[in-house]
$ cat input_8.txt   # compact mmCIF, C-alpha atoms
# COMPACT_ATOMS: atom_id res chain seq x y z
CA MET A 29 36.49 -33.44 19.83
CA SER A 30 36.19 -31.40 23.01
CA PRO A 31 39.53 -29.82 24.09
CA VAL A 32 39.31 -31.55 27.49
CA PHE A 33 39.66 -34.93 25.78
CA GLY A 34 43.04 -34.30 24.20
CA HIS A 35 46.04 -36.63 24.64
CA GLY A 36 44.12 -39.87 25.18
CA ARG A 37 41.85 -38.59 27.89
CA LEU A 38 38.70 -39.69 26.07
CA ARG A 39 39.99 -43.24 26.46
CA LEU A 40 40.20 -42.69 30.22
CA TYR A 41 36.70 -41.24 30.40
CA LEU A 42 35.27 -44.16 28.43
CA LEU A 43 36.72 -46.53 31.03
CA LYS A 44 35.15 -44.39 33.76
CA LEU A 45 31.68 -44.57 32.10
CA LEU A 46 31.92 -48.34 31.60
CA GLU A 47 33.09 -48.78 35.19
CA GLU A 48 29.82 -47.17 36.30
CA SER A 49 27.72 -49.60 34.23
CA PRO A 50 27.86 -51.73 31.09
CA ARG A 51 26.79 -49.65 28.12
CA HIS A 52 26.39 -49.87 24.37
CA GLY A 53 28.07 -47.38 22.06
CA TYR A 54 25.02 -45.16 21.47
CA GLU A 55 24.46 -44.83 25.22
CA VAL A 56 28.05 -43.67 25.67
CA ILE A 57 27.54 -41.01 22.97
CA ARG A 58 24.32 -39.83 24.63
CA LEU A 59 25.94 -39.59 28.08
CA LEU A 60 28.79 -37.46 26.74
CA GLN A 61 26.32 -35.26 24.91
CA ASP A 62 24.26 -34.76 28.09
CA ARG A 63 27.42 -34.13 30.14
CA PHE A 64 28.34 -31.22 27.88
CA LEU A 65 24.78 -29.82 27.62
CA GLY A 66 24.48 -30.86 24.00
CA VAL A 67 27.32 -28.59 22.87
CA TYR A 68 29.73 -31.49 22.43
CA SER A 69 28.31 -34.57 20.75
CA PRO A 70 30.94 -37.18 19.72
CA SER A 71 30.25 -39.00 16.49
CA PRO A 72 30.05 -42.80 16.19
CA GLY A 73 33.29 -42.56 14.20
CA THR A 74 34.93 -41.16 17.34
CA ILE A 75 33.50 -43.58 19.93
CA TYR A 76 33.23 -47.01 18.30
CA PRO A 77 36.86 -47.26 17.11
CA ARG A 78 38.08 -46.36 20.62
CA LEU A 79 35.83 -48.97 22.20
CA ALA A 80 37.19 -51.51 19.72
CA ARG A 81 40.78 -50.52 20.64
CA LEU A 82 40.01 -50.84 24.35
CA GLU A 83 38.63 -54.30 23.67
CA GLU A 84 41.76 -55.27 21.70
CA GLU A 85 43.87 -54.23 24.70
CA GLY A 86 41.73 -56.34 27.02
CA LEU A 87 40.42 -53.33 28.96
CA VAL A 88 36.78 -53.94 27.99
CA THR A 89 34.74 -56.81 26.62
CA HIS A 90 31.35 -56.97 24.95
CA GLU A 91 28.34 -59.17 24.50
CA VAL A 92 25.49 -58.86 22.05
CA LEU A 93 22.13 -58.16 23.66
CA GLU A 94 19.07 -57.60 21.48
CA GLY A 95 21.32 -57.04 18.49
CA LYS A 96 23.52 -54.41 20.25
CA LYS A 97 27.09 -54.66 21.49
CA VAL A 98 27.08 -53.94 25.21
CA PHE A 99 30.58 -53.11 26.53
CA THR A 100 31.74 -53.98 30.06
CA ILE A 101 34.99 -52.97 31.76
CA THR A 102 37.37 -55.81 32.65
CA ASP A 103 39.58 -56.20 35.70
CA ARG A 104 42.49 -55.00 33.61
CA GLY A 105 40.50 -51.95 32.70
CA ARG A 106 39.73 -51.24 36.35
CA ASP A 107 43.44 -51.52 37.16
CA GLU A 108 44.30 -48.85 34.59
CA LEU A 109 41.46 -46.67 35.85
CA ASN A 110 42.65 -46.97 39.48
CA ALA A 111 46.20 -46.17 38.41
CA ARG A 112 45.01 -42.91 36.81
CA LEU A 113 42.64 -41.69 39.54
CA ASP A 114 44.50 -38.39 39.96
CA GLU A 115 44.37 -37.77 36.22
CA LEU A 116 40.69 -38.74 36.25
CA ALA A 117 39.98 -36.24 39.07
CA ASP A 118 41.69 -33.46 37.07
CA LEU A 119 39.68 -34.50 34.02
CA GLU A 120 36.42 -34.37 35.99
CA GLN A 121 37.29 -30.88 37.25
CA GLU A 122 38.11 -29.67 33.76
CA ILE A 123 34.85 -31.11 32.48
CA SER A 124 32.93 -29.32 35.26
CA ASP A 125 34.74 -26.05 34.47
CA SER A 126 34.07 -26.52 30.78
CA VAL A 127 30.38 -27.19 31.45
CA ARG A 128 30.16 -24.02 33.60
CA ASP A 129 31.76 -22.02 30.79
CA ILE A 130 29.31 -23.51 28.32
CA ALA A 131 26.38 -22.75 30.61
CA ARG A 132 27.60 -19.16 31.05
CA GLU A 133 27.99 -18.72 27.30
CA VAL A 134 24.56 -20.18 26.70
CA LYS A 135 23.09 -17.87 29.33
CA GLU A 136 24.79 -14.85 27.76
CA ASP A 137 23.61 -15.88 24.30
CA VAL A 138 20.06 -16.27 25.58
CA ARG A 139 20.22 -12.90 27.33
CA ASP A 140 21.60 -11.21 24.20
CA THR A 141 18.97 -12.92 22.07
CA VAL A 142 16.18 -11.85 24.41
CA LYS A 143 17.54 -8.30 24.49
CA SER A 144 17.76 -8.20 20.70
CA LEU A 145 14.26 -9.62 20.39
CA ARG A 146 12.91 -7.08 22.87
CA GLU A 147 14.54 -4.24 20.93
CA GLU A 148 13.12 -5.57 17.67
CA LEU A 149 9.63 -5.87 19.17
CA THR A 150 9.89 -2.35 20.61
CA GLN A 151 10.96 -0.96 17.25
CA MET A 152 8.21 -2.91 15.52
CA ALA A 153 5.61 -1.51 17.92
CA ARG A 154 7.02 1.99 17.37
CA ASP A 155 6.83 1.54 13.60
CA VAL A 156 3.25 0.28 13.85
CA ARG A 157 2.22 3.29 15.96
CA GLN A 158 3.99 5.67 13.61
CA GLY A 159 2.36 4.03 10.62
CA ALA A 160 -1.04 4.23 12.30
CA ASN A 161 -0.53 7.93 13.09
CA GLN A 162 0.53 8.61 9.51
CA GLU A 163 -2.48 6.70 8.22
CA GLN A 164 -4.81 8.66 10.50
CA SER A 165 -3.22 11.93 9.43
CA ARG A 166 -3.49 10.92 5.78
CA SER A 167 -7.12 9.91 6.28
CA ARG A 168 -7.95 13.24 7.90
CA ASN A 169 -6.23 15.09 5.08
CA GLU A 170 -8.11 13.03 2.51
CA GLN A 171 -11.41 13.73 4.29
CA ARG A 172 -10.70 17.47 4.36
CA GLU A 173 -9.73 17.43 0.70
CA ALA A 174 -12.87 15.48 -0.21
CA TRP A 175 -15.01 17.96 1.75
CA ARG A 176 -13.36 20.90 -0.02
CA GLU A 177 -13.97 19.29 -3.40
CA GLN A 178 -17.60 18.55 -2.51
CA LYS A 179 -18.13 22.08 -1.26
CA ALA A 180 -16.56 23.48 -4.43
CA GLU A 181 -18.88 21.27 -6.50
CA TRP A 182 -21.89 22.54 -4.56
CA GLN A 183 -20.80 26.11 -5.15
CA ARG A 184 -20.40 25.40 -8.84
CA GLN A 185 -23.85 23.82 -9.02
CA LYS A 186 -25.33 26.76 -7.12
CA GLN A 187 -23.78 29.23 -9.55
CA GLU A 188 -24.99 27.18 -12.49
CA TRP A 189 -28.48 27.01 -11.01
CA GLN A 190 -28.48 30.77 -10.51
CA ARG A 191 -27.37 31.30 -14.08
CA GLN A 192 -29.95 28.92 -15.49
CA SER A 193 -32.62 30.36 -13.18
CA HIS A 194 -31.84 33.78 -14.56
CA GLU A 195 -32.21 32.46 -18.10
CA TRP A 196 -35.44 30.66 -17.17
CA LYS A 197 -36.75 33.81 -15.51
CA HIS A 198 -35.94 35.82 -18.62
CA ASP A 199 -37.72 33.28 -20.82
CA TRP A 200 -40.66 33.20 -18.44
CA LYS A 201 -40.99 37.00 -18.51
CA ARG A 202 -40.90 36.91 -22.29
CA VAL A 203 -43.64 34.29 -22.40
CA TRP A 204 -45.62 36.25 -19.79
CA ALA A 205 -45.30 39.46 -21.78
CA ASP A 206 -46.25 37.73 -25.02
CA SER A 207 -49.45 36.51 -23.43
CA PHE A 208 -50.63 40.10 -23.13
CA THR A 209 -49.31 41.54 -26.42
CA GLY A 210 -51.88 40.02 -28.75
CA HIS A 211 -49.73 37.18 -30.09
CA GLY A 212 -52.06 34.22 -30.63
CA SER A 213 -55.28 33.71 -28.90
CA ARG A 214 -55.71 36.06 -25.95
CA ASP A 215 -57.72 33.54 -24.01
CA ARG A 216 -55.10 30.88 -24.53
CA ASP A 217 -52.28 33.21 -23.54
CA ALA A 218 -54.18 34.37 -20.51
CA ARG A 219 -54.62 30.80 -19.38
CA LEU A 220 -50.87 30.14 -19.90
CA GLY A 221 -49.97 33.19 -17.91
CA GLN A 222 -52.28 32.09 -15.14
CA MET A 223 -50.71 28.62 -15.15
CA LEU A 224 -47.20 30.05 -14.90
CA ALA A 225 -48.23 32.38 -12.10
CA GLU A 226 -49.74 29.50 -10.18
CA PHE A 227 -46.58 27.45 -10.81
CA VAL A 228 -44.35 30.20 -9.42
CA GLU A 229 -46.59 30.69 -6.41
CA GLU A 230 -46.56 26.98 -5.66
CA LEU A 231 -42.76 26.89 -5.86
CA ARG A 232 -42.47 29.82 -3.49
CA GLY A 233 -44.74 28.11 -1.00
CA ASP A 234 -42.70 24.90 -1.13
CA ALA A 235 -39.42 26.78 -0.79
CA ALA A 236 -40.67 28.77 2.18
CA GLY A 237 -41.56 25.61 4.13
CA ALA A 238 -38.46 23.59 3.25
CA GLN A 239 -34.99 23.39 4.77
CA VAL A 240 -32.76 24.22 1.82
CA THR A 241 -29.28 22.65 1.69
CA GLU A 242 -26.64 22.62 -0.98
CA GLU A 243 -27.82 19.20 -2.07
CA THR A 244 -31.52 20.09 -2.25
CA LEU A 245 -30.61 23.34 -4.01
CA ALA A 246 -28.73 21.44 -6.67
CA THR A 247 -31.63 19.02 -7.08
CA ALA A 248 -34.12 21.90 -7.40
CA GLN A 249 -31.84 23.53 -9.95
CA ASP A 250 -31.97 20.45 -12.14
CA ALA A 251 -35.75 20.20 -11.80
CA LEU A 252 -36.34 23.86 -12.67
CA TYR A 253 -33.95 23.69 -15.59
CA ASP A 254 -35.79 20.65 -16.91
CA ALA A 255 -39.16 22.40 -16.43
CA ALA A 256 -37.96 25.50 -18.30
CA ARG A 257 -36.71 23.34 -21.15
CA ARG A 258 -40.04 21.51 -21.39
CA ILE A 259 -41.97 24.81 -21.37
CA ARG A 260 -39.79 26.25 -24.12
CA ASP A 261 -40.24 23.12 -26.21
CA ALA A 262 -44.00 23.22 -25.68
CA LEU A 263 -44.26 26.89 -26.73
CA ARG A 264 -42.31 26.57 -29.91
$ encode --input "input_8.txt" --output "structure tokens"
Amino acid sequence: MSPVFGHGRLRLYLLKLLEESPRHGYEVIRLLQDRFLGVYSPSPGTIYPRLARLEEEGLVTHEVLEGKKVFTITDRGRDELNARLDELADLEQEISDSVRDIAREVKEDVRDTVKSLREELTQMARDVRQGANQEQSRSRNEQREAWREQKAEWQRQKQEWQRQSHEWKHDWKRVWADSFTGHGSRDRDARLGQMLAEFVEELRGDAAGAQVTEETLATAQDALYDAARRIRDALR
């Protein structure tokens, strides 16, 4: 029960509400709840027994309307209310003060809640920005690392191509020399030498007119290595 209703003062306030208008028990509960901004809400176990006691004392009476007990103040009840007008005025003032205190507390709670929420949102936004910056930094680092790895792979492929080209060149010179040393048919070897010479000349022409990149260099390396392998297999 609200502190302002100590020492039988709820009884007095019930008489005051019924003096304003006949009411049923639920309506009395709702009016008290509204009066205290929802902070104080008397239970039916608090209100209905007091209304029954007031009726036993002849201060109120009731009639059943649409299945509900509607209580009305009696003349005897008005007499008690008029005899306690000063006490009722003090009670009204205390209720007003209590409601102002409640409103102030609610306002402070709302302000604190809003402040806390604003701080949480600010921190959340800060965390999101920080996370985004970290993600961008990580992405840039990953891109740089990927580029370094790709560049290293190109360098490796270039070195491998140069090595294999050197081996192919050595094998080609051997085949070229053999074509003029009397091994096998001289006509056949001469034709092979001519074919290889034309092949080399064609490659030089293509290379001179092309824009060579690491990727195309690696592709050419594979093609030349495959050609050298096929030539060696064919000559064996």
$ residues_near_point --input "input_8.txt" --point "(34.0, -31.9, 26.2)" --cutoff "12 Å" --atoms "all atoms listed in the file" --output "PDB file with C-alpha atoms, in the frame of the given file"
ATOM      1  CA  MET A  29      36.490 -33.440  19.830  1.00  0.00           C
ATOM      2  CA  SER A  30      36.190 -31.400  23.010  1.00  0.00           C
ATOM      3  CA  PRO A  31      39.530 -29.820  24.090  1.00  0.00           C
ATOM      4  CA  VAL A  32      39.310 -31.550  27.490  1.00  0.00           C
ATOM      5  CA  PHE A  33      39.660 -34.930  25.780  1.00  0.00           C
ATOM      6  CA  GLY A  34      43.040 -34.300  24.200  1.00  0.00           C
ATOM      7  CA  ARG A  37      41.850 -38.590  27.890  1.00  0.00           C
ATOM      8  CA  LEU A  38      38.700 -39.690  26.070  1.00  0.00           C
ATOM      9  CA  TYR A  41      36.700 -41.240  30.400  1.00  0.00           C
ATOM     10  CA  ILE A  57      27.540 -41.010  22.970  1.00  0.00           C
ATOM     11  CA  LEU A  59      25.940 -39.590  28.080  1.00  0.00           C
ATOM     12  CA  LEU A  60      28.790 -37.460  26.740  1.00  0.00           C
ATOM     13  CA  GLN A  61      26.320 -35.260  24.910  1.00  0.00           C
ATOM     14  CA  ASP A  62      24.260 -34.760  28.090  1.00  0.00           C
ATOM     15  CA  ARG A  63      27.420 -34.130  30.140  1.00  0.00           C
ATOM     16  CA  PHE A  64      28.340 -31.220  27.880  1.00  0.00           C
ATOM     17  CA  LEU A  65      24.780 -29.820  27.620  1.00  0.00           C
ATOM     18  CA  GLY A  66      24.480 -30.860  24.000  1.00  0.00           C
ATOM     19  CA  VAL A  67      27.320 -28.590  22.870  1.00  0.00           C
ATOM     20  CA  TYR A  68      29.730 -31.490  22.430  1.00  0.00           C
ATOM     21  CA  SER A  69      28.310 -34.570  20.750  1.00  0.00           C
ATOM     22  CA  PRO A  70      30.940 -37.180  19.720  1.00  0.00           C
ATOM     23  CA  LEU A 119      39.680 -34.500  34.020  1.00  0.00           C
ATOM     24  CA  GLU A 120      36.420 -34.370  35.990  1.00  0.00           C
ATOM     25  CA  GLN A 121      37.290 -30.880  37.250  1.00  0.00           C
ATOM     26  CA  GLU A 122      38.110 -29.670  33.760  1.00  0.00           C
ATOM     27  CA  ILE A 123      34.850 -31.110  32.480  1.00  0.00           C
ATOM     28  CA  SER A 124      32.930 -29.320  35.260  1.00  0.00           C
ATOM     29  CA  ASP A 125      34.740 -26.050  34.470  1.00  0.00           C
ATOM     30  CA  SER A 126      34.070 -26.520  30.780  1.00  0.00           C
ATOM     31  CA  VAL A 127      30.380 -27.190  31.450  1.00  0.00           C
ATOM     32  CA  ARG A 128      30.160 -24.020  33.600  1.00  0.00           C
ATOM     33  CA  ASP A 129      31.760 -22.020  30.790  1.00  0.00           C
ATOM     34  CA  ILE A 130      29.310 -23.510  28.320  1.00  0.00           C
TER      35      ILE A 130
END
$ atom_distance --input "input_8.txt" --atom1 "CA of Glu230 (chain A)" --atom2 "CA of Arg260 (chain A)"
19.7 Å
$ closest_residue --input "input_8.txt" --among "A:Arg168, A:Arg257, A:Arg219, A:Lys44" --to "Arg112 (chain A)" --atoms "all atoms listed in the file"
A:Lys44
$ residues_near_point --input "input_8.txt" --point "(-45.1, 27.8, -11.4)" --cutoff "12 Å" --atoms "all atoms listed in the file" --output "list in words"
Trp196, Lys197, Trp200, Trp204, Leu220, Gly221, Gln222, Met223, Leu224, Ala225, Glu226, Phe227, Val228, Glu229, Glu230, Leu231, Arg232, Gly233, Asp234, Leu252, Ala255, Ala256 and Ile259 of chain A
$ closest_residue --input "input_8.txt" --among "A:His90, A:Pro72, A:Leu82, A:Ile101" --to "Glu47 (chain A)" --atoms "only C-alpha atoms"
A:Ile101
$ closest_residue --input "input_8.txt" --among "A:Gly95, A:Leu43, A:Asp155, A:Ala80" --to "Asp107 (chain A)" --atoms "all atoms listed in the file"
A:Leu43
$ atom_distance --input "input_8.txt" --atom1 "CA of Val56 (chain A)" --atom2 "CA of Asp118 (chain A)"
20.5 Å
$ atom_distance --input "input_8.txt" --atom1 "CA of Glu108 (chain A)" --atom2 "CA of Arg78 (chain A)"
15.5 Å
$ residues_around --input "input_8.txt" --residues "Glu91 (chain A)" --least-positions-apart "2" --cutoff "12 Å" --atoms "all atoms listed in the file" --output "PyMOL selection string"
chain A and resi 50-52+83+88-89+93-101
$ closest_residue --input "input_8.txt" --among "A:Arg58, A:Arg132, A:Arg39, A:Arg104" --to "Arg81 (chain A)" --atoms "all atoms listed in the file"
A:Arg39
$ decode --input "input_8.txt" --residues "region 52-66 of chain A" --atoms "all heavy atoms" --output "compact mmCIF listing (two decimals), in the first residue's frame"
# COMPACT_ATOMS: atom_id res chain seq x y z
N HIS A 52 -17.95 0.93 -9.25
CA HIS A 52 -17.72 -0.47 -8.86
C HIS A 52 -16.26 -0.63 -8.45
O HIS A 52 -15.43 0.26 -8.69
CB HIS A 52 -18.12 -1.44 -9.98
CG HIS A 52 -17.47 -1.16 -11.29
ND1 HIS A 52 -16.17 -1.50 -11.57
CD2 HIS A 52 -17.96 -0.58 -12.42
CE1 HIS A 52 -15.87 -1.15 -12.81
NE2 HIS A 52 -16.95 -0.59 -13.35
N GLY A 53 -15.95 -1.76 -7.85
CA GLY A 53 -14.62 -1.95 -7.25
C GLY A 53 -13.48 -1.80 -8.24
O GLY A 53 -12.45 -1.18 -7.95
N TYR A 54 -13.62 -2.35 -9.44
CA TYR A 54 -12.55 -2.27 -10.44
C TYR A 54 -12.29 -0.82 -10.84
O TYR A 54 -11.14 -0.42 -11.05
CB TYR A 54 -12.92 -3.10 -11.67
CG TYR A 54 -11.90 -2.98 -12.78
CD1 TYR A 54 -10.68 -3.64 -12.70
CD2 TYR A 54 -12.16 -2.19 -13.89
CE1 TYR A 54 -9.74 -3.52 -13.70
CE2 TYR A 54 -11.23 -2.06 -14.91
CZ TYR A 54 -10.02 -2.73 -14.82
OH TYR A 54 -9.10 -2.60 -15.80
N GLU A 55 -13.36 -0.02 -10.92
CA GLU A 55 -13.19 1.39 -11.29
C GLU A 55 -12.43 2.14 -10.22
O GLU A 55 -11.59 3.01 -10.53
CB GLU A 55 -14.56 2.04 -11.51
CG GLU A 55 -14.50 3.45 -12.06
CD GLU A 55 -15.87 4.03 -12.32
OE1 GLU A 55 -16.87 3.36 -12.00
OE2 GLU A 55 -15.93 5.16 -12.85
N VAL A 56 -12.67 1.81 -8.96
CA VAL A 56 -11.93 2.43 -7.86
C VAL A 56 -10.43 2.09 -7.97
O VAL A 56 -9.56 2.97 -7.81
CB VAL A 56 -12.48 1.95 -6.51
CG1 VAL A 56 -11.57 2.42 -5.37
CG2 VAL A 56 -13.90 2.47 -6.30
N ILE A 57 -10.14 0.83 -8.26
CA ILE A 57 -8.73 0.41 -8.43
C ILE A 57 -8.07 1.18 -9.57
O ILE A 57 -6.94 1.68 -9.45
CB ILE A 57 -8.67 -1.11 -8.69
CG1 ILE A 57 -9.12 -1.88 -7.45
CG2 ILE A 57 -7.25 -1.53 -9.08
CD1 ILE A 57 -9.23 -3.38 -7.66
N ARG A 58 -8.80 1.31 -10.69
CA ARG A 58 -8.23 2.01 -11.85
C ARG A 58 -7.98 3.48 -11.56
O ARG A 58 -6.95 4.04 -11.97
CB ARG A 58 -9.15 1.86 -13.06
CG ARG A 58 -8.62 2.50 -14.33
CD ARG A 58 -9.58 2.28 -15.48
NE ARG A 58 -10.91 2.78 -15.17
CZ ARG A 58 -11.24 4.08 -15.24
NH1 ARG A 58 -10.35 4.99 -15.57
NH2 ARG A 58 -12.48 4.46 -14.97
N LEU A 59 -8.89 4.13 -10.84
CA LEU A 59 -8.73 5.55 -10.50
C LEU A 59 -7.51 5.77 -9.61
O LEU A 59 -6.75 6.73 -9.81
CB LEU A 59 -9.99 6.07 -9.81
CG LEU A 59 -11.21 6.29 -10.72
CD1 LEU A 59 -12.44 6.61 -9.87
CD2 LEU A 59 -10.94 7.41 -11.72
N LEU A 60 -7.31 4.89 -8.64
CA LEU A 60 -6.14 5.02 -7.77
C LEU A 60 -4.85 4.78 -8.57
O LEU A 60 -3.84 5.47 -8.36
CB LEU A 60 -6.25 4.02 -6.62
CG LEU A 60 -7.28 4.36 -5.55
CD1 LEU A 60 -7.46 3.19 -4.59
CD2 LEU A 60 -6.87 5.62 -4.78
N GLN A 61 -4.90 3.82 -9.47
CA GLN A 61 -3.74 3.55 -10.30
C GLN A 61 -3.40 4.76 -11.18
O GLN A 61 -2.23 5.15 -11.29
CB GLN A 61 -4.00 2.33 -11.18
CG GLN A 61 -2.80 1.90 -12.03
CD GLN A 61 -3.10 0.65 -12.82
OE1 GLN A 61 -4.23 0.16 -12.83
NE2 GLN A 61 -2.10 0.11 -13.49
N ASP A 62 -4.41 5.37 -11.79
CA ASP A 62 -4.18 6.56 -12.61
C ASP A 62 -3.68 7.73 -11.77
O ASP A 62 -2.84 8.51 -12.22
CB ASP A 62 -5.47 6.96 -13.33
CG ASP A 62 -5.89 5.93 -14.39
OD1 ASP A 62 -5.03 5.10 -14.77
OD2 ASP A 62 -7.06 5.96 -14.81
N ARG A 63 -4.23 7.85 -10.55
CA ARG A 63 -3.86 8.98 -9.68
C ARG A 63 -2.38 8.94 -9.34
O ARG A 63 -1.73 9.97 -9.20
CB ARG A 63 -4.69 8.91 -8.38
CG ARG A 63 -4.54 10.14 -7.50
CD ARG A 63 -5.30 11.32 -8.10
NE ARG A 63 -5.29 12.45 -7.21
CZ ARG A 63 -4.35 13.39 -7.17
NH1 ARG A 63 -3.33 13.31 -8.02
NH2 ARG A 63 -4.42 14.40 -6.35
N PHE A 64 -1.83 7.73 -9.24
CA PHE A 64 -0.42 7.57 -8.87
C PHE A 64 0.44 7.18 -10.07
O PHE A 64 1.51 6.60 -9.93
CB PHE A 64 -0.26 6.53 -7.76
CG PHE A 64 -0.67 7.02 -6.41
CD1 PHE A 64 -1.97 6.91 -5.98
CD2 PHE A 64 0.26 7.61 -5.57
CE1 PHE A 64 -2.36 7.36 -4.73
CE2 PHE A 64 -0.11 8.07 -4.32
CZ PHE A 64 -1.42 7.95 -3.89
N LEU A 65 -0.02 7.54 -11.28
CA LEU A 65 0.74 7.34 -12.51
C LEU A 65 1.15 5.89 -12.74
O LEU A 65 2.18 5.61 -13.37
CB LEU A 65 2.00 8.23 -12.51
CG LEU A 65 1.75 9.74 -12.31
CD1 LEU A 65 3.07 10.48 -12.26
CD2 LEU A 65 0.84 10.29 -13.39
N GLY A 66 0.33 4.97 -12.24
CA GLY A 66 0.61 3.56 -12.46
C GLY A 66 1.63 2.96 -11.52
O GLY A 66 1.85 1.75 -11.55
